[in-house]
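Text of target.txt, listed as compact mmCIF, C-alpha atoms:
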# COMPACT_ATOMS: atom_id res chain seq x y z
CA MET A 1 -8.45 -66.86 62.37
CA ASP A 2 -5.88 -65.68 59.82
CA ASN A 3 -8.28 -62.98 58.82
CA TYR A 4 -8.78 -61.99 62.45
CA GLU A 5 -5.00 -61.78 62.99
CA ASN A 6 -4.56 -59.72 59.85
CA VAL A 7 -7.23 -57.28 60.95
CA LEU A 8 -5.66 -57.11 64.40
CA LYS A 9 -2.23 -56.42 62.87
CA LEU A 10 -3.66 -53.66 60.67
CA PHE A 11 -5.38 -52.15 63.70
CA LEU A 12 -2.20 -52.24 65.82
CA ASP A 13 -0.15 -50.74 62.98
CA ALA A 14 -2.69 -47.96 62.66
CA VAL A 15 -2.60 -47.26 66.40
CA GLN A 16 1.21 -47.24 66.41
CA THR A 17 1.36 -44.84 63.45
CA THR A 18 -1.14 -42.53 65.13
CA LEU A 19 0.76 -42.62 68.43
CA HIS A 20 4.06 -41.94 66.70
CA SER A 21 2.56 -39.04 64.77
CA THR A 22 1.12 -37.59 68.00
CA GLU A 23 4.47 -37.92 69.78
CA THR A 24 6.53 -36.27 67.09
CA GLY A 25 3.85 -33.78 66.02
CA ASP A 26 4.76 -31.18 63.42
CA SER A 27 8.56 -31.27 63.21
CA SER A 28 8.71 -27.51 62.59
CA GLU A 29 7.07 -26.76 65.97
CA ILE A 30 9.36 -25.51 68.73
CA PRO A 31 8.58 -25.73 72.46
CA ILE A 32 8.46 -22.52 74.51
CA GLY A 33 10.48 -21.75 77.65
CA ILE A 34 9.22 -18.81 79.73
CA SER A 35 11.71 -16.88 81.90
CA ASN A 36 10.82 -14.64 84.79
CA ARG A 37 13.39 -12.07 85.95
CA HIS A 38 16.54 -13.83 87.20
CA LEU A 39 20.29 -13.43 87.52
CA HIS A 40 23.53 -15.29 86.94
CA LEU A 41 26.39 -14.56 89.38
CA SER A 42 30.16 -14.61 89.05
CA GLN A 43 32.02 -16.51 91.80
CA ILE A 44 33.40 -13.21 93.18
CA ASP A 45 29.94 -11.66 93.43
CA LEU A 46 28.46 -14.86 94.90
CA ASP A 47 31.15 -14.79 97.63
CA GLU A 48 30.42 -11.12 98.33
CA LEU A 49 26.65 -11.60 98.54
CA PHE A 50 26.48 -14.94 100.42
CA GLY A 51 29.91 -15.23 102.10
CA ALA A 52 33.26 -16.68 100.91
CA GLY A 53 33.03 -20.24 99.61
CA TYR A 54 29.23 -20.33 99.66
CA GLN A 55 27.68 -23.12 97.58
CA MET A 56 24.31 -22.50 95.92
CA THR A 57 21.55 -25.09 96.39
CA LYS A 58 20.01 -26.48 93.19
CA ILE A 59 16.23 -26.83 93.37
CA LYS A 60 15.37 -27.56 89.74
CA ASP A 61 17.13 -28.46 86.52
CA LEU A 62 16.31 -26.17 83.59
CA SER A 63 15.73 -27.30 80.02
CA GLN A 64 19.19 -26.21 78.86
CA PRO A 65 21.69 -28.95 79.88
CA GLY A 66 23.72 -28.04 83.00
CA GLN A 67 21.60 -25.00 83.89
CA TYR A 68 19.54 -24.98 87.09
CA ALA A 69 17.45 -22.78 89.39
CA CYS A 70 18.85 -22.19 92.89
CA LYS A 71 17.09 -21.91 96.22
CA GLU A 72 18.79 -18.56 96.78
CA THR A 73 17.29 -15.21 95.81
CA VAL A 74 18.52 -11.60 96.10
CA THR A 75 17.12 -8.08 96.03
CA ILE A 76 17.99 -5.80 93.09
CA CYS A 77 17.86 -2.04 93.58
CA GLY A 78 17.75 0.91 91.21
CA PRO A 79 17.24 4.64 91.82
CA GLY A 80 13.46 4.23 91.55
CA GLY A 81 12.92 1.18 93.73
CA ALA A 82 13.81 -2.42 94.58
CA ILE A 83 12.62 -5.84 93.46
CA GLU A 84 12.86 -8.63 96.03
CA LYS A 85 13.21 -12.39 95.63
CA VAL A 86 14.99 -12.38 92.28
CA ARG A 87 15.99 -16.00 91.54
CA ILE A 88 19.64 -16.98 91.00
CA LEU A 89 20.34 -19.47 88.20
CA GLY A 90 23.43 -21.70 88.33
CA PRO A 91 26.14 -22.56 87.71
CA VAL A 92 28.29 -19.45 88.31
CA ARG A 93 29.40 -17.58 85.18
CA GLY A 94 32.39 -15.45 84.23
CA LYS A 95 30.35 -12.26 84.63
CA THR A 96 27.29 -11.37 86.68
CA GLN A 97 24.23 -10.76 84.50
CA VAL A 98 20.81 -9.58 85.70
CA GLU A 99 17.90 -10.28 83.33
CA ILE A 100 14.78 -8.22 84.09
CA LEU A 101 11.39 -7.68 82.48
CA ALA A 102 10.73 -4.51 80.48
CA GLY A 103 8.12 -3.60 83.12
CA ASP A 104 10.74 -3.86 85.87
CA CYS A 105 12.56 -0.86 84.36
CA PHE A 106 9.76 1.42 85.63
CA LYS A 107 9.99 0.02 89.16
CA LEU A 108 13.79 0.24 89.25
CA GLY A 109 13.84 3.65 87.55
CA MET A 110 16.32 2.40 84.98
CA VAL A 111 16.53 1.96 81.22
CA SER A 112 17.84 -1.40 80.09
CA PRO A 113 18.51 -2.51 76.52
CA SER A 114 17.23 -5.72 74.94
CA ARG A 115 20.35 -7.88 74.57
CA LEU A 116 21.36 -11.49 74.11
CA SER A 117 22.87 -13.24 77.13
CA GLY A 118 26.60 -12.42 77.39
CA ASP A 119 26.39 -9.28 75.20
CA LEU A 120 26.82 -6.88 78.11
CA GLN A 121 29.06 -4.08 76.83
CA GLY A 122 27.51 -0.68 77.50
CA THR A 123 24.63 -2.07 79.57
CA PRO A 124 23.88 -0.44 82.94
CA GLY A 125 25.08 -1.75 86.29
CA ILE A 126 22.81 -2.39 89.24
CA THR A 127 22.93 -2.88 93.01
CA ILE A 128 22.42 -6.47 94.20
CA VAL A 129 21.75 -7.14 97.89
CA GLY A 130 22.34 -10.58 99.45
CA PRO A 131 22.26 -11.87 103.04
CA LYS A 132 25.99 -11.22 103.65
CA GLY A 133 26.82 -8.28 101.42
CA THR A 134 26.00 -5.89 98.58
CA VAL A 135 27.45 -5.72 95.09
CA ARG A 136 27.27 -2.77 92.72
CA THR A 137 27.93 -4.12 89.20
CA SER A 138 29.40 -1.85 86.52
CA GLU A 139 27.33 -3.49 83.76
CA GLY A 140 25.14 -6.51 83.08
CA LEU A 141 21.52 -5.36 83.44
CA ILE A 142 19.58 -6.52 80.39
CA VAL A 143 16.11 -7.34 79.12
CA ALA A 144 16.75 -10.65 77.36
CA GLN A 145 16.33 -10.61 73.60
CA ARG A 146 13.99 -13.38 72.44
CA HIS A 147 16.03 -16.34 71.20
CA ILE A 148 15.80 -19.98 70.18
CA HIS A 149 18.23 -22.57 71.58
CA MET A 150 18.94 -25.53 69.32
CA THR A 151 21.68 -27.92 68.20
CA PRO A 152 23.39 -27.46 64.82
CA GLN A 153 21.38 -30.54 63.71
CA ASP A 154 18.12 -28.80 64.68
CA ALA A 155 19.29 -25.71 62.81
CA GLN A 156 19.96 -27.72 59.68
CA ARG A 157 16.57 -29.42 59.89
CA LEU A 158 14.82 -26.06 60.45
CA GLY A 159 16.80 -24.36 57.68
CA VAL A 160 18.43 -21.71 59.89
CA THR A 161 21.96 -20.94 61.07
CA ASP A 162 23.54 -19.89 64.37
CA GLY A 163 23.16 -16.13 64.82
CA GLN A 164 20.37 -15.78 62.26
CA ILE A 165 17.54 -13.40 63.15
CA VAL A 166 14.09 -14.82 62.49
CA SER A 167 10.46 -14.11 63.40
CA ILE A 168 8.22 -16.53 65.25
CA GLN A 169 4.53 -17.24 64.68
CA ILE A 170 2.24 -17.71 67.67
CA ASP A 171 -1.24 -19.12 67.02
CA GLY A 172 -4.39 -18.72 69.10
CA PRO A 173 -6.88 -15.96 69.91
CA ARG A 174 -4.16 -13.76 71.43
CA GLY A 175 -1.51 -14.67 68.84
CA GLY A 176 0.71 -12.79 66.45
CA THR A 177 4.37 -12.70 65.56
CA TYR A 178 7.55 -11.62 67.35
CA SER A 179 10.33 -10.35 65.13
CA ASN A 180 14.08 -10.11 65.87
CA VAL A 181 14.38 -13.55 67.48
CA ALA A 182 17.99 -14.81 67.53
CA VAL A 183 18.95 -18.39 66.67
CA ARG A 184 21.55 -19.80 69.10
CA ALA A 185 22.84 -23.15 67.86
CA THR A 186 25.37 -25.07 69.98
CA ASP A 187 26.09 -28.76 70.55
CA THR A 188 24.97 -28.53 74.18
CA SER A 189 21.58 -26.89 73.56
CA ALA A 190 18.06 -28.27 73.89
CA LEU A 191 15.51 -27.08 71.32
CA GLU A 192 13.48 -24.32 73.00
CA CYS A 193 12.35 -20.77 72.22
CA HIS A 194 12.92 -18.45 75.18
CA VAL A 195 10.61 -15.52 75.89
CA ASP A 196 9.99 -13.70 79.16
CA THR A 197 6.77 -13.66 81.19
CA GLU A 198 5.53 -10.38 79.67
CA GLU A 199 6.12 -11.69 76.15
CA ALA A 200 4.37 -14.95 77.09
CA ASN A 201 1.38 -13.22 78.72
CA ALA A 202 0.95 -10.78 75.81
CA MET A 203 0.46 -13.72 73.42
CA ASN A 204 -1.18 -16.17 75.86
CA LEU A 205 1.78 -18.56 75.76
CA ASN A 206 2.25 -21.19 78.45
CA SER A 207 4.77 -23.96 79.09
CA LEU A 208 2.89 -26.30 76.71
CA SER A 209 2.80 -23.79 73.83
CA LYS A 210 4.71 -24.28 70.59
CA ILE A 211 5.77 -21.76 67.99
CA LYS A 212 7.00 -21.85 64.42
CA ILE A 213 9.86 -20.00 62.78
CA ILE A 214 9.04 -17.54 59.98
CA LYS A 215 12.01 -16.61 57.83
CA MET B 1 12.38 42.95 44.54
CA ASP B 2 9.59 40.98 42.85
CA ASN B 3 12.03 38.17 42.39
CA TYR B 4 13.08 38.33 46.04
CA GLU B 5 9.44 38.21 47.16
CA ASN B 6 8.72 35.28 44.86
CA VAL B 7 11.68 33.36 46.24
CA LEU B 8 10.58 34.21 49.78
CA LYS B 9 7.05 33.02 49.05
CA LEU B 10 8.34 29.76 47.58
CA PHE B 11 10.56 29.29 50.63
CA LEU B 12 7.70 29.95 53.09
CA ASP B 13 5.38 27.61 51.15
CA ALA B 14 8.04 24.91 51.30
CA VAL B 15 8.49 25.37 55.06
CA GLN B 16 4.73 25.28 55.62
CA THR B 17 4.35 22.10 53.55
CA THR B 18 7.19 20.46 55.48
CA LEU B 19 5.74 21.49 58.84
CA HIS B 20 2.29 20.28 57.85
CA SER B 21 3.70 16.96 56.69
CA THR B 22 5.61 16.56 59.98
CA GLU B 23 2.51 17.37 62.01
CA THR B 24 0.22 14.97 60.23
CA GLY B 25 2.84 12.28 59.69
CA ASP B 26 1.82 9.07 57.99
CA SER B 27 -1.98 9.10 58.00
CA SER B 28 -2.13 5.33 58.41
CA GLU B 29 -0.29 5.51 61.76
CA ILE B 30 -2.42 5.07 64.88
CA PRO B 31 -1.41 6.27 68.38
CA ILE B 32 -1.15 3.73 71.21
CA GLY B 33 -2.97 3.86 74.55
CA ILE B 34 -1.58 1.57 77.26
CA SER B 35 -3.92 0.31 80.00
CA ASN B 36 -2.85 -1.10 83.33
CA ARG B 37 -5.32 -3.23 85.29
CA HIS B 38 -8.41 -1.19 86.21
CA LEU B 39 -12.13 -1.46 86.82
CA HIS B 40 -15.43 0.19 85.96
CA LEU B 41 -18.12 0.16 88.67
CA SER B 42 -21.91 0.14 88.55
CA GLN B 43 -23.63 2.72 90.80
CA ILE B 44 -24.90 -0.07 93.10
CA ASP B 45 -21.40 -1.53 93.54
CA LEU B 46 -19.89 1.96 94.02
CA ASP B 47 -22.41 2.63 96.82
CA GLU B 48 -21.61 -0.73 98.42
CA LEU B 49 -17.84 -0.22 98.29
CA PHE B 50 -17.60 3.48 99.19
CA GLY B 51 -20.92 4.25 100.92
CA ALA B 52 -24.33 5.33 99.59
CA GLY B 53 -24.25 8.43 97.38
CA TYR B 54 -20.44 8.49 97.15
CA GLN B 55 -19.04 10.63 94.32
CA MET B 56 -15.76 9.57 92.70
CA THR B 57 -12.99 12.17 92.30
CA LYS B 58 -11.66 12.66 88.77
CA ILE B 59 -7.85 12.99 88.64
CA LYS B 60 -7.22 12.73 84.90
CA ASP B 61 -9.18 12.74 81.65
CA LEU B 62 -8.49 9.75 79.41
CA SER B 63 -8.14 9.88 75.63
CA GLN B 64 -11.65 8.52 75.01
CA PRO B 65 -14.10 11.45 75.40
CA GLY B 66 -15.94 11.44 78.76
CA GLN B 67 -13.75 8.71 80.30
CA TYR B 68 -11.51 9.54 83.28
CA ALA B 69 -9.27 8.03 85.95
CA CYS B 70 -10.45 8.42 89.56
CA LYS B 71 -8.51 9.02 92.75
CA GLU B 72 -10.17 5.96 94.27
CA THR B 73 -8.68 2.47 94.16
CA VAL B 74 -9.87 -0.92 95.48
CA THR B 75 -8.42 -4.34 96.27
CA ILE B 76 -9.45 -7.30 94.11
CA CYS B 77 -9.24 -10.82 95.59
CA GLY B 78 -9.24 -14.31 94.09
CA PRO B 79 -8.67 -17.73 95.66
CA GLY B 80 -4.89 -17.43 95.05
CA GLY B 81 -4.25 -13.90 96.30
CA ALA B 82 -5.14 -10.22 96.21
CA ILE B 83 -4.07 -7.22 94.14
CA GLU B 84 -4.19 -3.85 95.87
CA LYS B 85 -4.59 -0.32 94.50
CA VAL B 86 -6.55 -1.22 91.37
CA ARG B 87 -7.65 2.05 89.77
CA ILE B 88 -11.32 2.89 89.18
CA LEU B 89 -12.19 4.54 85.86
CA GLY B 90 -15.26 6.75 85.57
CA PRO B 91 -18.05 7.43 84.90
CA VAL B 92 -20.12 4.60 86.43
CA ARG B 93 -21.39 1.97 84.00
CA GLY B 94 -24.41 -0.32 83.83
CA LYS B 95 -22.33 -3.30 84.95
CA THR B 96 -19.16 -3.63 86.98
CA GLN B 97 -16.21 -4.82 84.88
CA VAL B 98 -12.71 -5.66 86.15
CA GLU B 99 -9.95 -5.64 83.52
CA ILE B 100 -6.78 -7.44 84.63
CA LEU B 101 -3.48 -8.41 83.01
CA ALA B 102 -2.91 -12.01 81.92
CA GLY B 103 -0.13 -12.18 84.54
CA ASP B 104 -2.60 -11.18 87.28
CA CYS B 105 -4.47 -14.46 86.73
CA PHE B 106 -1.58 -16.33 88.40
CA LYS B 107 -1.61 -14.05 91.43
CA LEU B 108 -5.41 -14.21 91.81
CA GLY B 109 -5.51 -17.94 91.09
CA MET B 110 -8.16 -17.41 88.41
CA VAL B 111 -8.59 -18.00 84.71
CA SER B 112 -9.99 -15.05 82.79
CA PRO B 113 -10.88 -14.94 79.10
CA SER B 114 -9.72 -12.29 76.63
CA ARG B 115 -12.87 -10.28 75.89
CA LEU B 116 -13.95 -6.92 74.53
CA SER B 117 -15.30 -4.43 77.05
CA GLY B 118 -18.98 -5.11 77.71
CA ASP B 119 -18.89 -8.72 76.46
CA LEU B 120 -19.13 -10.24 79.93
CA GLN B 121 -21.41 -13.27 79.57
CA GLY B 122 -19.80 -16.38 81.04
CA THR B 123 -16.82 -14.52 82.49
CA PRO B 124 -15.85 -15.18 86.14
CA GLY B 125 -16.88 -13.01 89.07
CA ILE B 126 -14.43 -11.62 91.61
CA THR B 127 -14.36 -10.13 95.10
CA ILE B 128 -13.81 -6.36 95.26
CA VAL B 129 -12.94 -4.71 98.59
CA GLY B 130 -13.48 -0.99 99.19
CA PRO B 131 -13.20 1.21 102.28
CA LYS B 132 -16.88 0.78 103.25
CA GLY B 133 -17.81 -2.65 101.95
CA THR B 134 -17.13 -5.70 99.84
CA VAL B 135 -18.78 -6.80 96.60
CA ARG B 136 -18.70 -10.27 95.10
CA THR B 137 -19.58 -9.93 91.40
CA SER B 138 -21.19 -12.82 89.52
CA GLU B 139 -19.29 -12.01 86.30
CA GLY B 140 -17.17 -9.28 84.73
CA LEU B 141 -13.51 -10.32 85.16
CA ILE B 142 -11.76 -10.03 81.78
CA VAL B 143 -8.39 -9.60 80.15
CA ALA B 144 -9.15 -6.88 77.60
CA GLN B 145 -8.95 -7.93 73.98
CA ARG B 146 -6.71 -5.60 71.98
CA HIS B 147 -8.84 -3.07 70.11
CA ILE B 148 -8.71 0.18 68.15
CA HIS B 149 -11.08 3.05 68.93
CA MET B 150 -11.94 5.31 66.01
CA THR B 151 -14.76 7.33 64.46
CA PRO B 152 -16.67 5.99 61.42
CA GLN B 153 -14.76 8.65 59.43
CA ASP B 154 -11.41 7.21 60.62
CA ALA B 155 -12.66 3.72 59.72
CA GLN B 156 -13.55 4.83 56.20
CA ARG B 157 -10.16 6.51 55.76
CA LEU B 158 -8.34 3.41 57.09
CA GLY B 159 -10.47 1.03 54.99
CA VAL B 160 -11.94 -0.92 57.92
CA THR B 161 -15.40 -1.30 59.48
CA ASP B 162 -16.77 -1.43 63.02
CA GLY B 163 -16.32 -4.93 64.45
CA GLN B 164 -13.69 -5.97 61.92
CA ILE B 165 -10.79 -8.06 63.25
CA VAL B 166 -7.38 -6.88 62.03
CA SER B 167 -3.72 -7.33 62.89
CA ILE B 168 -1.39 -4.53 63.90
CA GLN B 169 2.26 -4.01 62.94
CA ILE B 170 4.72 -2.78 65.57
CA ASP B 171 8.13 -1.63 64.36
CA GLY B 172 11.39 -1.47 66.28
CA PRO B 173 13.96 -3.95 67.65
CA ARG B 174 11.34 -5.63 69.86
CA GLY B 175 8.56 -5.42 67.30
CA GLY B 176 6.21 -7.85 65.61
CA THR B 177 2.50 -8.15 64.99
CA TYR B 178 -0.54 -8.70 67.18
CA SER B 179 -3.44 -10.49 65.55
CA ASN B 180 -7.14 -10.51 66.53
CA VAL B 181 -7.38 -6.76 67.18
CA ALA B 182 -10.99 -5.51 67.11
CA VAL B 183 -12.02 -2.27 65.37
CA ARG B 184 -14.50 -0.25 67.48
CA ALA B 185 -15.89 2.66 65.47
CA THR B 186 -18.30 5.08 67.14
CA ASP B 187 -19.05 8.79 66.74
CA THR B 188 -17.71 9.55 70.23
CA SER B 189 -14.33 7.77 69.89
CA ALA B 190 -10.82 9.17 69.61
CA LEU B 191 -8.41 7.31 67.33
CA GLU B 192 -6.26 5.10 69.56
CA CYS B 193 -5.15 1.46 69.69
CA HIS B 194 -5.53 0.01 73.20
CA VAL B 195 -3.14 -2.64 74.53
CA ASP B 196 -2.33 -3.51 78.14
CA THR B 197 1.01 -3.03 79.90
CA GLU B 198 2.20 -6.60 79.25
CA GLU B 199 1.39 -6.28 75.55
CA ALA B 200 3.15 -2.90 75.48
CA ASN B 201 6.24 -4.16 77.32
CA ALA B 202 6.54 -7.29 75.16
CA MET B 203 6.86 -5.09 72.04
CA ASN B 204 8.62 -2.09 73.64
CA LEU B 205 5.64 0.20 73.07
CA ASN B 206 5.30 3.46 74.98
CA SER B 207 2.80 6.31 74.99
CA LEU B 208 4.51 7.91 71.97
CA SER B 209 4.44 4.73 69.87
CA LYS B 210 2.35 4.35 66.75
CA ILE B 211 1.16 1.22 64.98
CA LYS B 212 -0.28 0.37 61.59
CA ILE B 213 -3.20 -1.84 60.67
CA ILE B 214 -2.51 -4.96 58.60
CA LYS B 215 -5.61 -6.41 56.93
Would it be possible to restate this file's structure as structure tokens?
Amino acid sequence: MDNYENVLKLFLDAVQTTLHSTETGDSSEIPIGISNRHLHLSQIDLDELFGAGYQMTKIKDLSQPGQYACKETVTICGPGGAIEKVRILGPVRGKTQVEILAGDCFKLGMVSPSRLSGDLQGTPGITIVGPKGTVRTSEGLIVAQRHIHMTPQDAQRLGVTDGQIVSIQIDGPRGGTYSNVAVRATDTSALECHVDTEEANAMNLNSLSKIKIIK
Amino acid sequence: MDNYENVLKLFLDAVQTTLHSTETGDSSEIPIGISNRHLHLSQIDLDELFGAGYQMTKIKDLSQPGQYACKETVTICGPGGAIEKVRILGPVRGKTQVEILAGDCFKLGMVSPSRLSGDLQGTPGITIVGPKGTVRTSEGLIVAQRHIHMTPQDAQRLGVTDGQIVSIQIDGPRGGTYSNVAVRATDTSALECHVDTEEANAMNLNSLSKIKIIK
């Protein structure tokens, strides 16, 4: 019986070790977050587009703490055309920022630089149409630069620092590497590498994909 | 005067060398061709979609000798939705082949493998709607695998062989590498690396871009 119990204990230990290893996986692997075109609104622009005092309706929390997708969408318009049903992300921010796909530039008839969120100086403005009004921004149209959110603890573990530019390795039959990926380390971040839908499709990434940093 | 003529000759030689070097550039650089979704039709399917004996209208020669874009477009339909105005490329082929973007799979509600042109076994079929009829193919829906067309002479110069799988290097602020790029060397090819619009947008490639092979 002792022998039986010992074997059982060894078996359970082995199962637990395997489960733990499966849960944690390779600690250098980073989950992927895929963004479609979207926008962040200032309170002033939200009031203009949806009416004074309008409150957005959260429909889904996003992976970054405090960030969420709203029920509300708008139309964005450039000299070459319009794109409807562009999702608003909350909460409101200090400045309105519209993040489009590189392919959207052709439809809008605009050229937009690849920039990190918040780095808006010198970027083009765009017309945003909501149910109660229209806003013409003076700047804030960007194609988001690929970036990796993480805490300072993650950064230390991964051997990188806030602001560092790295490359990422994507495995699989449609894989490769993306260079010029910015590390963004703050205390309120969740570990996730953000690419847009075109970048994801080009490398066959989906919401279960993981990538590795190459320095 | 002899001296003047000698100086002039040296000057003209220098200009000519510079011009020649600018024209030819780096001989390891390969031009990019960017494909949007499109299809190739068999004669039987062309007759079914556009009427018996229909002749397609060429609107533009493509870079590969003998290949051209046609005026005609069709609608392709999957269980999740339809995509209109999909361009037909000529001339007709032995088998109908529909080449979509990875992002189109979501709209069509279908899963399509990344395959080289002509490698259609086991790929899904799709419904194609033309002005005179509808065809439901049994196979032939693919996302094109990245590939490089070249002559055997180009291949020798670049140190690769027909069928070899290489990676390509893309420079610039949104650059990186794509792996699993197939070399296709035939006597009737023009040197060009083919990617689709999502792959081009993800790396900021345009019709003037050039890439290099990494082995």
Quiz item: Which one is closest to Gly176 in chain B: A:Arg87, A:Arg157, A:Arg146, A:Lys58? Count all atoms listed in the file.
Solution: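 Smallest distance to Gly176 in chain B is found for A:Arg146.
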Kindly provide, as a PDB file with C-alpha atoms, in the frame of the given file, the residues of chain A having any atom no farther than 12 Å from an atom of chain B, counting only C-alpha atoms.
ATOM      1  CA  ASN A  36      10.820 -14.640  84.790  1.00  0.00           C
ATOM      2  CA  ILE A 100      14.780  -8.220  84.090  1.00  0.00           C
ATOM      3  CA  LEU A 101      11.390  -7.680  82.480  1.00  0.00           C
ATOM      4  CA  ALA A 102      10.730  -4.510  80.480  1.00  0.00           C
ATOM      5  CA  GLY A 103       8.120  -3.600  83.120  1.00  0.00           C
ATOM      6  CA  ASP A 104      10.740  -3.860  85.870  1.00  0.00           C
ATOM      7  CA  CYS A 105      12.560  -0.860  84.360  1.00  0.00           C
ATOM      8  CA  PHE A 106       9.760   1.420  85.630  1.00  0.00           C
ATOM      9  CA  VAL A 111      16.530   1.960  81.220  1.00  0.00           C
ATOM     10  CA  SER A 112      17.840  -1.400  80.090  1.00  0.00           C
ATOM     11  CA  PRO A 113      18.510  -2.510  76.520  1.00  0.00           C
ATOM     12  CA  SER A 114      17.230  -5.720  74.940  1.00  0.00           C
ATOM     13  CA  ARG A 115      20.350  -7.880  74.570  1.00  0.00           C
ATOM     14  CA  VAL A 143      16.110  -7.340  79.120  1.00  0.00           C
ATOM     15  CA  ALA A 144      16.750 -10.650  77.360  1.00  0.00           C
ATOM     16  CA  GLN A 145      16.330 -10.610  73.600  1.00  0.00           C
ATOM     17  CA  ARG A 146      13.990 -13.380  72.440  1.00  0.00           C
ATOM     18  CA  HIS A 147      16.030 -16.340  71.200  1.00  0.00           C
ATOM     19  CA  ILE A 165      17.540 -13.400  63.150  1.00  0.00           C
ATOM     20  CA  VAL A 166      14.090 -14.820  62.490  1.00  0.00           C
ATOM     21  CA  SER A 167      10.460 -14.110  63.400  1.00  0.00           C
ATOM     22  CA  ILE A 168       8.220 -16.530  65.250  1.00  0.00           C
ATOM     23  CA  GLN A 169       4.530 -17.240  64.680  1.00  0.00           C
ATOM     24  CA  ILE A 170       2.240 -17.710  67.670  1.00  0.00           C
ATOM     25  CA  ASP A 171      -1.240 -19.120  67.020  1.00  0.00           C
ATOM     26  CA  GLY A 172      -4.390 -18.720  69.100  1.00  0.00           C
ATOM     27  CA  PRO A 173      -6.880 -15.960  69.910  1.00  0.00           C
ATOM     28  CA  ARG A 174      -4.160 -13.760  71.430  1.00  0.00           C
ATOM     29  CA  GLY A 175      -1.510 -14.670  68.840  1.00  0.00           C
ATOM     30  CA  GLY A 176       0.710 -12.790  66.450  1.00  0.00           C
ATOM     31  CA  THR A 177       4.370 -12.700  65.560  1.00  0.00           C
ATOM     32  CA  TYR A 178       7.550 -11.620  67.350  1.00  0.00           C
ATOM     33  CA  SER A 179      10.330 -10.350  65.130  1.00  0.00           C
ATOM     34  CA  ASN A 180      14.080 -10.110  65.870  1.00  0.00           C
ATOM     35  CA  VAL A 181      14.380 -13.550  67.480  1.00  0.00           C
ATOM     36  CA  ALA A 182      17.990 -14.810  67.530  1.00  0.00           C
ATOM     37  CA  VAL A 195      10.610 -15.520  75.890  1.00  0.00           C
ATOM     38  CA  ASP A 196       9.990 -13.700  79.160  1.00  0.00           C
ATOM     39  CA  THR A 197       6.770 -13.660  81.190  1.00  0.00           C
ATOM     40  CA  GLU A 198       5.530 -10.380  79.670  1.00  0.00           C
ATOM     41  CA  GLU A 199       6.120 -11.690  76.150  1.00  0.00           C
ATOM     42  CA  ALA A 200       4.370 -14.950  77.090  1.00  0.00           C
ATOM     43  CA  ASN A 201       1.380 -13.220  78.720  1.00  0.00           C
ATOM     44  CA  ALA A 202       0.950 -10.780  75.810  1.00  0.00           C
ATOM     45  CA  MET A 203       0.460 -13.720  73.420  1.00  0.00           C
ATOM     46  CA  ASN A 204      -1.180 -16.170  75.860  1.00  0.00           C
ATOM     47  CA  LEU A 205       1.780 -18.560  75.760  1.00  0.00           C
ATOM     48  CA  ASN A 206       2.250 -21.190  78.450  1.00  0.00           C
ATOM     49  CA  ILE A 214       9.040 -17.540  59.980  1.00  0.00           C
TER      50      ILE A 214
END
Exercise. Name all residues at most 7 Å from range 107-109 of chain B (count only C-alpha atoms; drop same-chain ones fewer than 5 positions away) and give them as a count of residues only.
Key: 6
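Separating CA of Met56 in chain B from CA of Arg136 in chain B is a distance of 20.2 Å.
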Practice problem: May I ask for the distance between CA of Ile83 in chain A and CA of Leu62 in chain B, given in Å to one decimal place? | Solution: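 CA of Leu62 in chain B lies at a distance of 29.8 Å from CA of Ile83 in chain A.
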